[in-house]
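Listing of input_11.txt, compact mmCIF, C-alpha atoms
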```
# COMPACT_ATOMS: atom_id res chain seq x y z
CA MET A 117 8.73 10.95 -9.79
CA LYS A 118 5.80 12.74 -8.30
CA PHE A 119 2.92 14.49 -9.92
CA SER A 120 3.81 18.09 -10.48
CA SER A 121 0.56 19.15 -8.82
CA LYS A 122 0.41 19.76 -5.10
CA THR A 123 -3.33 19.06 -4.98
CA ILE A 124 -2.94 15.70 -6.70
CA GLU A 125 -0.14 14.78 -4.29
CA GLU A 126 -2.32 15.82 -1.35
CA MET A 127 -5.18 13.67 -2.57
CA ILE A 128 -2.85 10.69 -3.01
CA ASP A 129 -1.49 11.26 0.50
CA ILE A 130 -4.97 11.31 1.99
CA LEU A 131 -6.18 8.23 0.14
CA SER A 132 -2.98 6.35 1.08
CA THR A 133 -3.84 6.68 4.77
CA LEU A 134 -7.06 4.69 4.26
CA PRO A 135 -6.87 1.00 5.16
CA THR A 136 -6.07 -1.45 2.33
CA ILE A 137 -5.20 1.44 -0.01
CA GLY A 138 -1.52 1.67 -0.92
CA ARG A 139 0.20 4.51 -2.75
CA LYS A 140 -0.28 2.90 -6.12
CA SER A 141 -4.02 2.43 -5.57
CA ALA A 142 -4.30 5.95 -4.17
CA GLN A 143 -2.74 7.26 -7.34
CA ARG A 144 -5.14 5.27 -9.52
CA LEU A 145 -8.10 6.45 -7.44
CA THR A 146 -7.00 10.08 -7.67
CA LEU A 147 -6.76 9.91 -11.45
CA PHE A 148 -10.16 8.24 -11.48
CA LEU A 149 -11.60 11.06 -9.37
CA LEU A 150 -10.14 13.62 -11.76
CA ARG A 151 -12.14 12.03 -14.57
CA GLN A 152 -15.43 12.16 -12.67
CA PRO A 153 -18.07 14.83 -13.25
CA GLU A 154 -18.25 17.84 -10.96
CA GLU A 155 -21.49 16.60 -9.32
CA PHE A 156 -19.95 13.33 -8.20
CA ILE A 157 -17.04 15.09 -6.51
CA GLN A 158 -19.39 17.60 -4.91
CA LYS A 159 -21.58 14.82 -3.55
CA PHE A 160 -18.54 12.88 -2.31
CA SER A 161 -17.20 15.95 -0.54
CA GLU A 162 -20.53 16.82 1.07
CA THR A 163 -21.23 13.27 2.20
CA LEU A 164 -17.86 13.16 3.95
CA VAL A 165 -18.70 16.23 5.98
CA LYS A 166 -22.23 15.02 6.65
CA LEU A 167 -20.89 11.64 7.75
CA LYS A 168 -18.85 13.23 10.49
CA LYS A 169 -21.60 15.69 11.43
CA ASP A 170 -24.66 13.42 11.45
CA ILE A 171 -23.24 10.21 12.80
CA LYS A 172 -22.65 9.86 16.51
CA LEU A 173 -22.36 7.04 18.97
CA CYS A 174 -25.50 5.57 20.49
CA SER A 175 -25.41 6.45 24.19
CA LEU A 176 -26.48 2.92 25.10
CA CYS A 177 -24.63 0.52 22.81
CA PHE A 178 -22.02 2.90 21.28
CA ASN A 179 -22.71 1.79 17.74
CA PHE A 180 -22.67 4.49 15.06
CA THR A 181 -26.11 6.03 14.64
CA GLU A 182 -27.98 9.09 13.42
CA THR A 183 -30.55 8.86 16.19
CA ASP A 184 -29.93 8.37 19.88
CA PRO A 185 -30.68 5.71 21.06
CA CYS A 186 -29.93 3.84 17.85
CA PRO A 187 -32.67 1.95 15.97
CA ILE A 188 -31.58 -1.37 17.51
CA CYS A 189 -31.56 -0.09 21.10
CA SER A 190 -34.91 1.65 20.64
CA SER A 191 -36.64 -1.23 18.87
CA PRO A 192 -39.41 -2.83 21.01
CA GLU A 193 -38.67 -6.13 19.28
CA ARG A 194 -35.19 -6.36 20.72
CA ASN A 195 -34.48 -8.14 23.97
CA LYS A 196 -32.67 -5.57 26.12
CA GLU A 197 -31.64 -8.21 28.64
CA LEU A 198 -29.45 -10.01 26.10
CA ILE A 199 -26.31 -8.02 25.26
CA CYS A 200 -23.80 -9.07 22.64
CA VAL A 201 -20.40 -7.47 23.24
CA VAL A 202 -18.35 -6.76 20.09
CA GLU A 203 -15.17 -4.88 19.31
CA GLN A 204 -16.32 -2.71 16.39
CA PRO A 205 -19.44 -1.44 14.60
CA ASP A 206 -18.41 -3.68 11.68
CA ASP A 207 -19.07 -6.68 13.90
CA VAL A 208 -22.63 -5.51 14.63
CA LEU A 209 -23.22 -5.36 10.89
CA ALA A 210 -21.87 -8.87 10.40
CA ILE A 211 -24.11 -10.31 13.13
CA GLU A 212 -27.16 -8.33 11.97
CA LYS A 213 -26.71 -9.84 8.51
CA THR A 214 -27.57 -13.26 9.92
CA ASN A 215 -31.03 -11.86 10.72
CA GLN A 216 -31.35 -14.19 13.70
CA TYR A 217 -30.00 -12.35 16.72
CA LYS A 218 -32.73 -10.53 18.60
CA GLY A 219 -30.81 -9.06 21.52
CA VAL A 220 -28.96 -5.74 21.65
CA TYR A 221 -25.26 -4.93 21.32
CA HIS A 222 -22.45 -3.25 23.17
CA VAL A 223 -19.58 -1.93 21.06
CA LEU A 224 -16.31 -1.69 23.01
CA HIS A 225 -14.49 0.16 20.19
CA GLY A 226 -11.45 -2.06 20.35
CA ALA A 227 -9.88 -4.68 22.55
CA ILE A 228 -7.29 -4.27 25.28
CA ASN A 229 -3.93 -3.92 23.57
CA HIS A 230 -1.19 -2.32 25.63
CA LEU A 231 1.29 -2.38 22.74
CA ASP A 232 -1.04 -0.23 20.66
CA GLY A 233 -1.91 1.92 23.66
CA ILE A 234 -5.51 0.67 23.88
CA SER A 235 -6.06 0.60 27.61
CA VAL A 236 -9.20 -0.28 29.55
CA SER A 237 -10.14 3.38 29.90
CA LYS A 238 -10.29 3.84 26.13
CA LEU A 239 -12.87 1.08 25.76
CA LYS A 240 -16.55 1.25 26.66
CA ILE A 241 -16.09 -1.18 29.54
CA SER A 242 -17.43 0.84 32.47
CA GLU A 243 -20.52 1.55 30.37
CA LEU A 244 -20.95 -2.18 29.85
CA LEU A 245 -20.79 -2.77 33.60
CA GLN A 246 -23.61 -0.27 34.04
CA ARG A 247 -25.75 -2.02 31.45
CA ALA A 248 -24.93 -5.43 32.92
CA LYS A 249 -26.95 -4.55 36.01
CA THR A 250 -30.20 -4.97 34.10
CA ALA A 251 -29.07 -7.78 31.80
CA LYS A 252 -29.72 -11.50 31.98
CA GLU A 253 -27.04 -12.68 29.59
CA ILE A 254 -23.93 -11.19 28.02
CA ILE A 255 -22.55 -12.89 24.92
CA PHE A 256 -18.93 -12.12 24.09
CA ALA A 257 -18.39 -11.98 20.33
CA LEU A 258 -14.83 -10.66 20.27
CA ASN A 259 -12.25 -11.57 17.69
CA PRO A 260 -10.31 -14.80 18.30
CA SER A 261 -7.03 -13.05 19.12
CA VAL A 262 -4.86 -12.53 22.17
CA GLU A 263 -6.39 -9.07 22.58
CA GLY A 264 -9.92 -10.47 22.36
CA GLU A 265 -9.10 -13.11 24.96
CA VAL A 266 -7.50 -10.64 27.35
CA THR A 267 -10.49 -8.33 27.05
CA ILE A 268 -13.02 -11.10 27.69
CA HIS A 269 -10.99 -12.31 30.65
CA TYR A 270 -10.81 -8.80 32.10
CA ILE A 271 -14.51 -8.05 31.72
CA VAL A 272 -15.53 -11.47 33.06
CA SER A 273 -13.42 -10.84 36.17
CA LEU A 274 -15.32 -7.59 36.76
CA LEU A 275 -18.69 -9.26 36.22
CA LYS A 276 -18.09 -12.38 38.30
CA ASN A 277 -20.39 -11.27 41.11
CA TYR A 278 -23.22 -10.17 38.84
CA PRO A 279 -26.15 -12.61 38.77
CA ILE A 280 -26.00 -12.98 34.98
CA LYS A 281 -25.09 -15.60 32.44
CA LEU A 282 -21.84 -14.97 30.57
CA THR A 283 -21.30 -16.77 27.28
CA ARG A 284 -19.02 -16.61 24.28
CA ILE A 285 -19.70 -17.45 20.65
CA ALA A 286 -18.68 -20.96 19.66
CA ARG A 287 -15.40 -21.79 18.05
CA GLY A 288 -15.21 -24.54 15.52
CA LEU A 289 -14.79 -25.42 11.91
CA PRO A 290 -16.22 -22.75 9.61
CA ILE A 291 -18.58 -23.92 6.88
CA GLY A 292 -16.76 -24.72 3.67
CA ILE A 293 -13.41 -25.53 5.23
CA GLU A 294 -12.27 -29.12 4.85
CA ILE A 295 -10.81 -30.73 7.94
CA GLN A 296 -7.46 -31.37 6.23
CA TYR A 297 -7.04 -27.65 5.61
CA ALA A 298 -8.13 -26.39 9.03
CA ASP A 299 -5.41 -25.01 11.28
CA ASP A 300 -4.54 -26.84 14.49
CA ALA A 301 -6.05 -24.34 16.89
CA THR A 302 -9.38 -24.29 15.05
CA LEU A 303 -9.50 -28.06 14.87
CA LEU A 304 -8.64 -28.40 18.54
CA ASN A 305 -11.41 -25.97 19.44
CA ALA A 306 -13.83 -27.82 17.20
CA ILE A 307 -13.08 -31.10 18.94
CA GLU A 308 -13.25 -29.59 22.42
CA ASN A 309 -16.54 -27.87 21.68
CA ARG A 310 -18.09 -30.90 20.01
CA THR A 311 -21.87 -31.05 20.30
CA GLU A 312 -24.05 -34.10 20.80
CA ILE A 313 -25.94 -35.33 17.80
CA LYS A 314 -27.98 -38.01 19.54
CA MET B 4 -28.92 -5.90 6.58
CA LYS B 5 -28.03 -2.31 5.88
CA PHE B 6 -26.80 0.37 8.20
CA SER B 7 -29.74 2.20 9.61
CA SER B 8 -28.14 5.51 8.67
CA LYS B 9 -28.82 7.08 5.28
CA THR B 10 -25.55 9.02 5.37
CA ILE B 11 -23.50 5.90 6.03
CA GLU B 12 -25.29 4.11 3.19
CA GLU B 13 -24.61 7.06 0.88
CA MET B 14 -20.94 7.04 1.75
CA ILE B 15 -20.73 3.30 1.09
CA ASP B 16 -22.51 3.80 -2.25
CA ILE B 17 -20.05 6.49 -3.31
CA LEU B 18 -16.96 4.56 -2.27
CA SER B 19 -18.27 1.43 -4.03
CA THR B 20 -18.24 3.25 -7.36
CA LEU B 21 -14.46 3.75 -7.11
CA PRO B 22 -12.32 1.26 -9.01
CA THR B 23 -11.06 -1.79 -7.09
CA ILE B 24 -13.34 -0.97 -4.14
CA GLY B 25 -16.17 -3.41 -3.59
CA ARG B 26 -19.10 -3.00 -1.22
CA LYS B 27 -17.35 -4.77 1.60
CA SER B 28 -14.26 -2.55 1.33
CA ALA B 29 -16.46 0.52 1.01
CA GLN B 30 -18.15 -0.43 4.26
CA ARG B 31 -14.82 -0.92 6.01
CA LEU B 32 -13.55 2.41 4.67
CA THR B 33 -16.69 4.22 5.80
CA LEU B 34 -16.36 2.90 9.33
CA PHE B 35 -12.70 3.90 9.24
CA LEU B 36 -13.66 7.42 8.16
CA LEU B 37 -16.15 7.64 11.02
CA ARG B 38 -13.31 7.04 13.45
CA GLN B 39 -11.10 9.77 12.02
CA PRO B 40 -10.77 13.21 13.58
CA GLU B 41 -12.83 16.11 12.25
CA GLU B 42 -9.75 17.76 10.69
CA PHE B 43 -8.92 14.75 8.54
CA ILE B 44 -12.44 14.59 7.12
CA GLN B 45 -12.45 18.34 6.54
CA LYS B 46 -9.14 18.17 4.70
CA PHE B 47 -10.32 15.17 2.65
CA SER B 48 -13.51 16.96 1.68
CA GLU B 49 -11.72 20.18 0.75
CA THR B 50 -9.01 18.43 -1.24
CA LEU B 51 -11.66 16.66 -3.30
CA VAL B 52 -13.24 19.95 -4.29
CA LYS B 53 -9.85 21.56 -4.90
CA LEU B 54 -8.78 18.60 -7.02
CA LYS B 55 -11.64 19.18 -9.42
CA LYS B 56 -11.25 22.97 -9.36
CA ASP B 57 -7.47 23.34 -9.66
CA ILE B 58 -6.59 20.53 -11.99
CA LYS B 59 -7.18 20.94 -15.69
CA LEU B 60 -5.78 19.41 -18.83
CA CYS B 61 -2.59 20.82 -20.33
CA SER B 62 -3.58 22.41 -23.63
CA LEU B 63 -0.56 20.82 -25.32
CA CYS B 64 -0.19 17.28 -24.00
CA PHE B 65 -3.56 16.87 -22.20
CA ASN B 66 -2.00 15.54 -19.03
CA PHE B 67 -3.54 16.70 -15.75
CA THR B 68 -1.90 19.89 -14.53
CA GLU B 69 -2.33 22.94 -12.32
CA THR B 70 -0.50 25.23 -14.75
CA ASP B 71 -0.99 25.49 -18.49
CA PRO B 72 1.19 24.42 -20.23
CA CYS B 73 2.12 21.70 -17.76
CA PRO B 74 5.60 21.59 -16.17
CA ILE B 75 6.79 18.95 -18.65
CA CYS B 76 5.62 20.85 -21.74
CA SER B 77 7.06 24.12 -20.46
CA SER B 78 10.42 22.68 -19.35
CA PRO B 79 13.32 23.93 -21.50
CA GLU B 80 15.06 20.63 -20.82
CA ARG B 81 12.45 18.62 -22.65
CA ASN B 82 12.77 17.80 -26.35
CA LYS B 83 9.53 19.06 -27.91
CA GLU B 84 10.21 17.21 -31.14
CA LEU B 85 9.97 13.82 -29.45
CA ILE B 86 6.40 12.98 -28.45
CA CYS B 87 5.42 9.87 -26.53
CA VAL B 88 1.75 8.99 -27.05
CA VAL B 89 0.03 7.31 -24.09
CA GLU B 90 -3.52 6.37 -23.19
CA GLN B 91 -3.79 7.84 -19.69
CA PRO B 92 -2.08 10.26 -17.29
CA ASP B 93 -1.14 7.19 -15.23
CA ASP B 94 1.11 6.09 -18.09
CA VAL B 95 2.97 9.42 -18.05
CA LEU B 96 3.67 8.87 -14.40
CA ALA B 97 4.98 5.35 -15.03
CA ILE B 98 7.35 6.54 -17.76
CA GLU B 99 8.48 9.59 -15.75
CA LYS B 100 9.43 7.25 -12.93
CA THR B 101 12.18 5.77 -15.10
CA ASN B 102 13.81 9.23 -15.07
CA GLN B 103 15.29 8.60 -18.51
CA TYR B 104 12.80 9.88 -21.05
CA LYS B 105 13.50 13.47 -22.06
CA GLY B 106 10.82 14.11 -24.66
CA VAL B 107 7.25 15.29 -24.10
CA TYR B 108 3.97 13.39 -23.97
CA HIS B 109 0.57 13.30 -25.59
CA VAL B 110 -2.26 11.81 -23.57
CA LEU B 111 -5.07 10.41 -25.74
CA HIS B 112 -7.38 9.78 -22.75
CA GLY B 113 -8.26 6.29 -23.86
CA ALA B 114 -7.94 4.01 -26.85
CA ILE B 115 -10.43 3.39 -29.63
CA ASN B 116 -13.06 1.01 -28.30
CA HIS B 117 -16.35 0.97 -30.17
CA LEU B 118 -17.92 -1.48 -27.71
CA ASP B 119 -17.37 0.96 -24.86
CA GLY B 120 -18.37 3.91 -27.05
CA ILE B 121 -14.86 5.40 -27.17
CA SER B 122 -14.73 6.73 -30.70
CA VAL B 123 -11.96 8.65 -32.43
CA SER B 124 -13.65 11.97 -31.69
CA LYS B 125 -13.50 11.35 -27.93
CA LEU B 126 -9.73 10.95 -28.01
CA LYS B 127 -7.14 13.69 -28.40
CA ILE B 128 -6.17 12.45 -31.88
CA SER B 129 -6.75 15.57 -33.97
CA GLU B 130 -4.70 17.48 -31.43
CA LEU B 131 -1.89 14.96 -31.87
CA LEU B 132 -1.96 15.48 -35.65
CA GLN B 133 -1.49 19.20 -35.08
CA ARG B 134 1.50 18.63 -32.82
CA ALA B 135 2.95 16.06 -35.22
CA LYS B 136 3.64 18.86 -37.72
CA THR B 137 6.53 20.13 -35.63
CA ALA B 138 7.72 16.77 -34.32
CA LYS B 139 10.59 14.58 -35.44
CA GLU B 140 9.54 11.34 -33.78
CA ILE B 141 6.40 9.96 -32.23
CA ILE B 142 6.73 6.99 -29.88
CA PHE B 143 3.58 4.98 -29.29
CA ALA B 144 3.43 3.68 -25.72
CA LEU B 145 -0.11 2.32 -25.72
CA ASN B 146 -1.22 -0.71 -23.81
CA PRO B 147 -0.67 -4.09 -25.48
CA SER B 148 -4.36 -4.73 -26.16
CA VAL B 149 -6.63 -4.92 -29.19
CA GLU B 150 -7.77 -1.35 -28.47
CA GLY B 151 -4.18 -0.14 -28.22
CA GLU B 152 -3.30 -1.81 -31.52
CA VAL B 153 -6.35 -0.43 -33.31
CA THR B 154 -5.56 3.06 -32.06
CA ILE B 155 -1.90 2.90 -33.11
CA HIS B 156 -2.93 1.54 -36.51
CA TYR B 157 -5.47 4.33 -37.01
CA ILE B 158 -3.14 7.14 -35.98
CA VAL B 159 -0.27 5.76 -38.06
CA SER B 160 -2.57 5.70 -41.11
CA LEU B 161 -3.30 9.41 -40.58
CA LEU B 162 0.38 10.24 -40.15
CA LYS B 163 1.76 8.23 -43.03
CA ASN B 164 2.52 11.28 -45.15
CA TYR B 165 4.16 13.25 -42.36
CA PRO B 166 7.97 13.38 -42.60
CA ILE B 167 8.46 11.98 -39.12
CA LYS B 168 9.70 8.81 -37.51
CA LEU B 169 7.00 6.64 -35.92
CA THR B 170 8.08 4.09 -33.33
CA ARG B 171 6.54 1.90 -30.67
CA ILE B 172 7.94 0.74 -27.35
CA ALA B 173 9.53 -2.69 -27.48
CA ARG B 174 7.76 -5.86 -26.55
CA GLY B 175 9.65 -8.63 -24.92
CA LEU B 176 10.23 -10.54 -21.75
CA PRO B 177 9.81 -8.38 -18.65
CA ILE B 178 12.62 -8.46 -16.12
CA GLY B 179 12.10 -11.12 -13.48
CA ILE B 180 9.93 -13.41 -15.58
CA GLU B 181 11.44 -16.80 -16.33
CA ILE B 182 11.09 -18.03 -19.89
CA GLN B 183 9.17 -21.11 -18.84
CA TYR B 184 6.47 -18.95 -17.26
CA ALA B 185 6.14 -16.37 -20.04
CA ASP B 186 2.95 -16.50 -22.10
CA ASP B 187 3.15 -17.47 -25.77
CA ALA B 188 2.46 -14.03 -27.21
CA THR B 189 5.11 -12.36 -25.06
CA LEU B 190 7.67 -15.03 -25.90
CA LEU B 191 6.91 -14.77 -29.59
CA ASN B 192 7.32 -11.01 -29.45
CA ALA B 193 10.56 -11.38 -27.55
CA ILE B 194 11.95 -13.70 -30.21
CA GLU B 195 10.78 -11.53 -33.11
CA ASN B 196 12.22 -8.39 -31.54
CA ARG B 197 15.51 -10.01 -30.62
CA THR B 198 18.44 -7.59 -30.51
CA GLU B 199 22.01 -8.21 -31.61
CA ILE B 200 24.54 -8.71 -28.85
CA LYS B 201 27.64 -8.87 -31.07
```

Show me, as structure tokens, the structure contained in the file I just sent.
Amino acid sequence: MKFSSKTIEEMIDILSTLPTIGRKSAQRLTLFLLRQPEEFIQKFSETLVKLKKDIKLCSLCFNFTETDPCPICSSPERNKELICVVEQPDDVLAIEKTNQYKGVYHVLHGAINHLDGISVSKLKISELLQRAKTAKEIIFALNPSVEGEVTIHYIVSLLKNYPIKLTRIARGLPIGIEIQYADDATLLNAIENRTEIK
Amino acid sequence: MKFSSKTIEEMIDILSTLPTIGRKSAQRLTLFLLRQPEEFIQKFSETLVKLKKDIKLCSLCFNFTETDPCPICSSPERNKELICVVEQPDDVLAIEKTNQYKGVYHVLHGAINHLDGISVSKLKISELLQRAKTAKEIIFALNPSVEGEVTIHYIVSLLKNYPIKLTRIARGLPIGIEIQYADDATLLNAIENRTEIK
């Protein structure tokens, strides 16, 4: 059984395409929206359009931004010679939340994944090579996946003759996880990457 | 750390107000939206406005509809003398999915809940009393909660002198739940409402 209204069905269809929202949730959300006041819906609708219109990619780091260069790239307090390479803007947000990193970023917008059709040319890799010329260190903060590994490997091979330091974020036991519950790969990494305490 | 863009923050704020969507999900959804093509965002934005503009409440059953009366109320195949009372449009959808019920509905738009400020006057109760005059049976399909019970009790007290049958949907063990895992109240209901097999 479907709703007898085409507009309701359309809204459910649209919401269902969003990540983590299934058809059932989309239906619940649509009925929720129907109960909201006119102003809320108007604001929602306008913000959507504004989002697409106002937000662009920073021409340096390719993070989402309203200004170009973005606030991070244009901040005098940021070390432009330290570049942290991430897959997505979400990752920038996660690292910024720690409030400790003082370098800049480079958002690749994905990782090499031939099955999903994400080839080298779709990623901001050539732009990274350009920026690498003036950098002192590049930190790879890609996701611990096959795709992340392949991407790091590929970029490192291109950068091998650059006189810069290439590093990757540490792998180990996350805080709060007991050793008995850690998976083998994580535990192995934690042992391999052990640090001296004395 | 927040996004440095006001528009992104606004979008996250709006999405966070939707049910089942927390701030973290709202952030992920916003970044997803930023990656979508112009046409998708345009369509999303337009459908939102259309949703609010096109959809109204059926003047008979108060379900959401584009036409008035709604397709169910205006269908010649539906028995207008059998009214199923539900709390929300979502409930109509759930019952319609069974494809078996051939009566009409009456959506109360909530249940009596004085703590949440949902008083009798905010619900479509007086409208139900009007419709009850031409009905033969009213089935209460409200949620099994204190609010649902209070609402059924209140409406039944108003209808006690009407020459109609008042029923409620059965309570019992749902399909797929083993007896050992059923909660006490459900099990008790299932025993009390036992049906004869011979």

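In this model, the gap between atom CA of Glu243 of chain A and atom CA of Val223 of chain A comes to 10.0 Å.
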
### Task
Could you list, as an NGL selection string, the residues of chain A having an atom within 8 Å of chain B when counting only C-alpha atoms?
:A and (117-121 or 123-124 or 126-127 or 130 or 134-135 or 144-145 or 147-148 or 150 or 154 or 157-158 or 160-168 or 170-171 or 181-182 or 187 or 205-206 or 209 or 212-213 or 215)

Output of the above residues as a compact mmCIF listing (two decimals), in the coordinates of the input, restricted to C-alpha atoms:
```txt
# COMPACT_ATOMS: atom_id res chain seq x y z
CA MET A 117 8.73 10.95 -9.79
CA LYS A 118 5.80 12.74 -8.30
CA PHE A 119 2.92 14.49 -9.92
CA SER A 120 3.81 18.09 -10.48
CA SER A 121 0.56 19.15 -8.82
CA THR A 123 -3.33 19.06 -4.98
CA ILE A 124 -2.94 15.70 -6.70
CA GLU A 126 -2.32 15.82 -1.35
CA MET A 127 -5.18 13.67 -2.57
CA ILE A 130 -4.97 11.31 1.99
CA LEU A 134 -7.06 4.69 4.26
CA PRO A 135 -6.87 1.00 5.16
CA ARG A 144 -5.14 5.27 -9.52
CA LEU A 145 -8.10 6.45 -7.44
CA LEU A 147 -6.76 9.91 -11.45
CA PHE A 148 -10.16 8.24 -11.48
CA LEU A 150 -10.14 13.62 -11.76
CA GLU A 154 -18.25 17.84 -10.96
CA ILE A 157 -17.04 15.09 -6.51
CA GLN A 158 -19.39 17.60 -4.91
CA PHE A 160 -18.54 12.88 -2.31
CA SER A 161 -17.20 15.95 -0.54
CA GLU A 162 -20.53 16.82 1.07
CA THR A 163 -21.23 13.27 2.20
CA LEU A 164 -17.86 13.16 3.95
CA VAL A 165 -18.70 16.23 5.98
CA LYS A 166 -22.23 15.02 6.65
CA LEU A 167 -20.89 11.64 7.75
CA LYS A 168 -18.85 13.23 10.49
CA ASP A 170 -24.66 13.42 11.45
CA ILE A 171 -23.24 10.21 12.80
CA THR A 181 -26.11 6.03 14.64
CA GLU A 182 -27.98 9.09 13.42
CA PRO A 187 -32.67 1.95 15.97
CA PRO A 205 -19.44 -1.44 14.60
CA ASP A 206 -18.41 -3.68 11.68
CA LEU A 209 -23.22 -5.36 10.89
CA GLU A 212 -27.16 -8.33 11.97
CA LYS A 213 -26.71 -9.84 8.51
CA ASN A 215 -31.03 -11.86 10.72
```

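For the atom pair formed by atom CA of Leu176 of chain A and atom CA of His222 of chain A, the distance is 7.6 Å, given to one decimal.
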
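Of the listed residues B:Ile141, B:Glu150, B:Asn66, B:Arg174, the one whose atoms come nearest to Asp119 of chain B is B:Glu150, with distances taken using all atoms listed in the file.
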
### Task
Would you mind telling me which residue in A:Cys189, A:Ile295, A:Leu244, A:Ala301 lies nearest to Leu275 of chain A when using only C-alpha atoms?
A:Leu244

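With atom CA of Asn164 of chain B on one side and atom CA of Asn82 of chain B on the other, the separation reads 22.4 Å.
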
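The shell of residues at most 10 Å from Lys249 of chain A, with all atoms listed in the file counted and near chain neighbours (fewer than 4 positions) removed, consists of A:Glu197, A:Leu244, A:Leu245, A:Leu275, A:Tyr278, A:Pro279, A:Ile280.
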
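Closest approach to Val202 of chain A among A:Arg247, A:Glu155, A:Gly292, A:Ile241: A:Ile241, based on all atoms listed in the file.
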
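The residue that comes closest to Lys252 of chain A, out of A:Leu282, A:Leu173, A:Ala142, A:Ala227 and on the basis of only C-alpha atoms, is A:Leu282.
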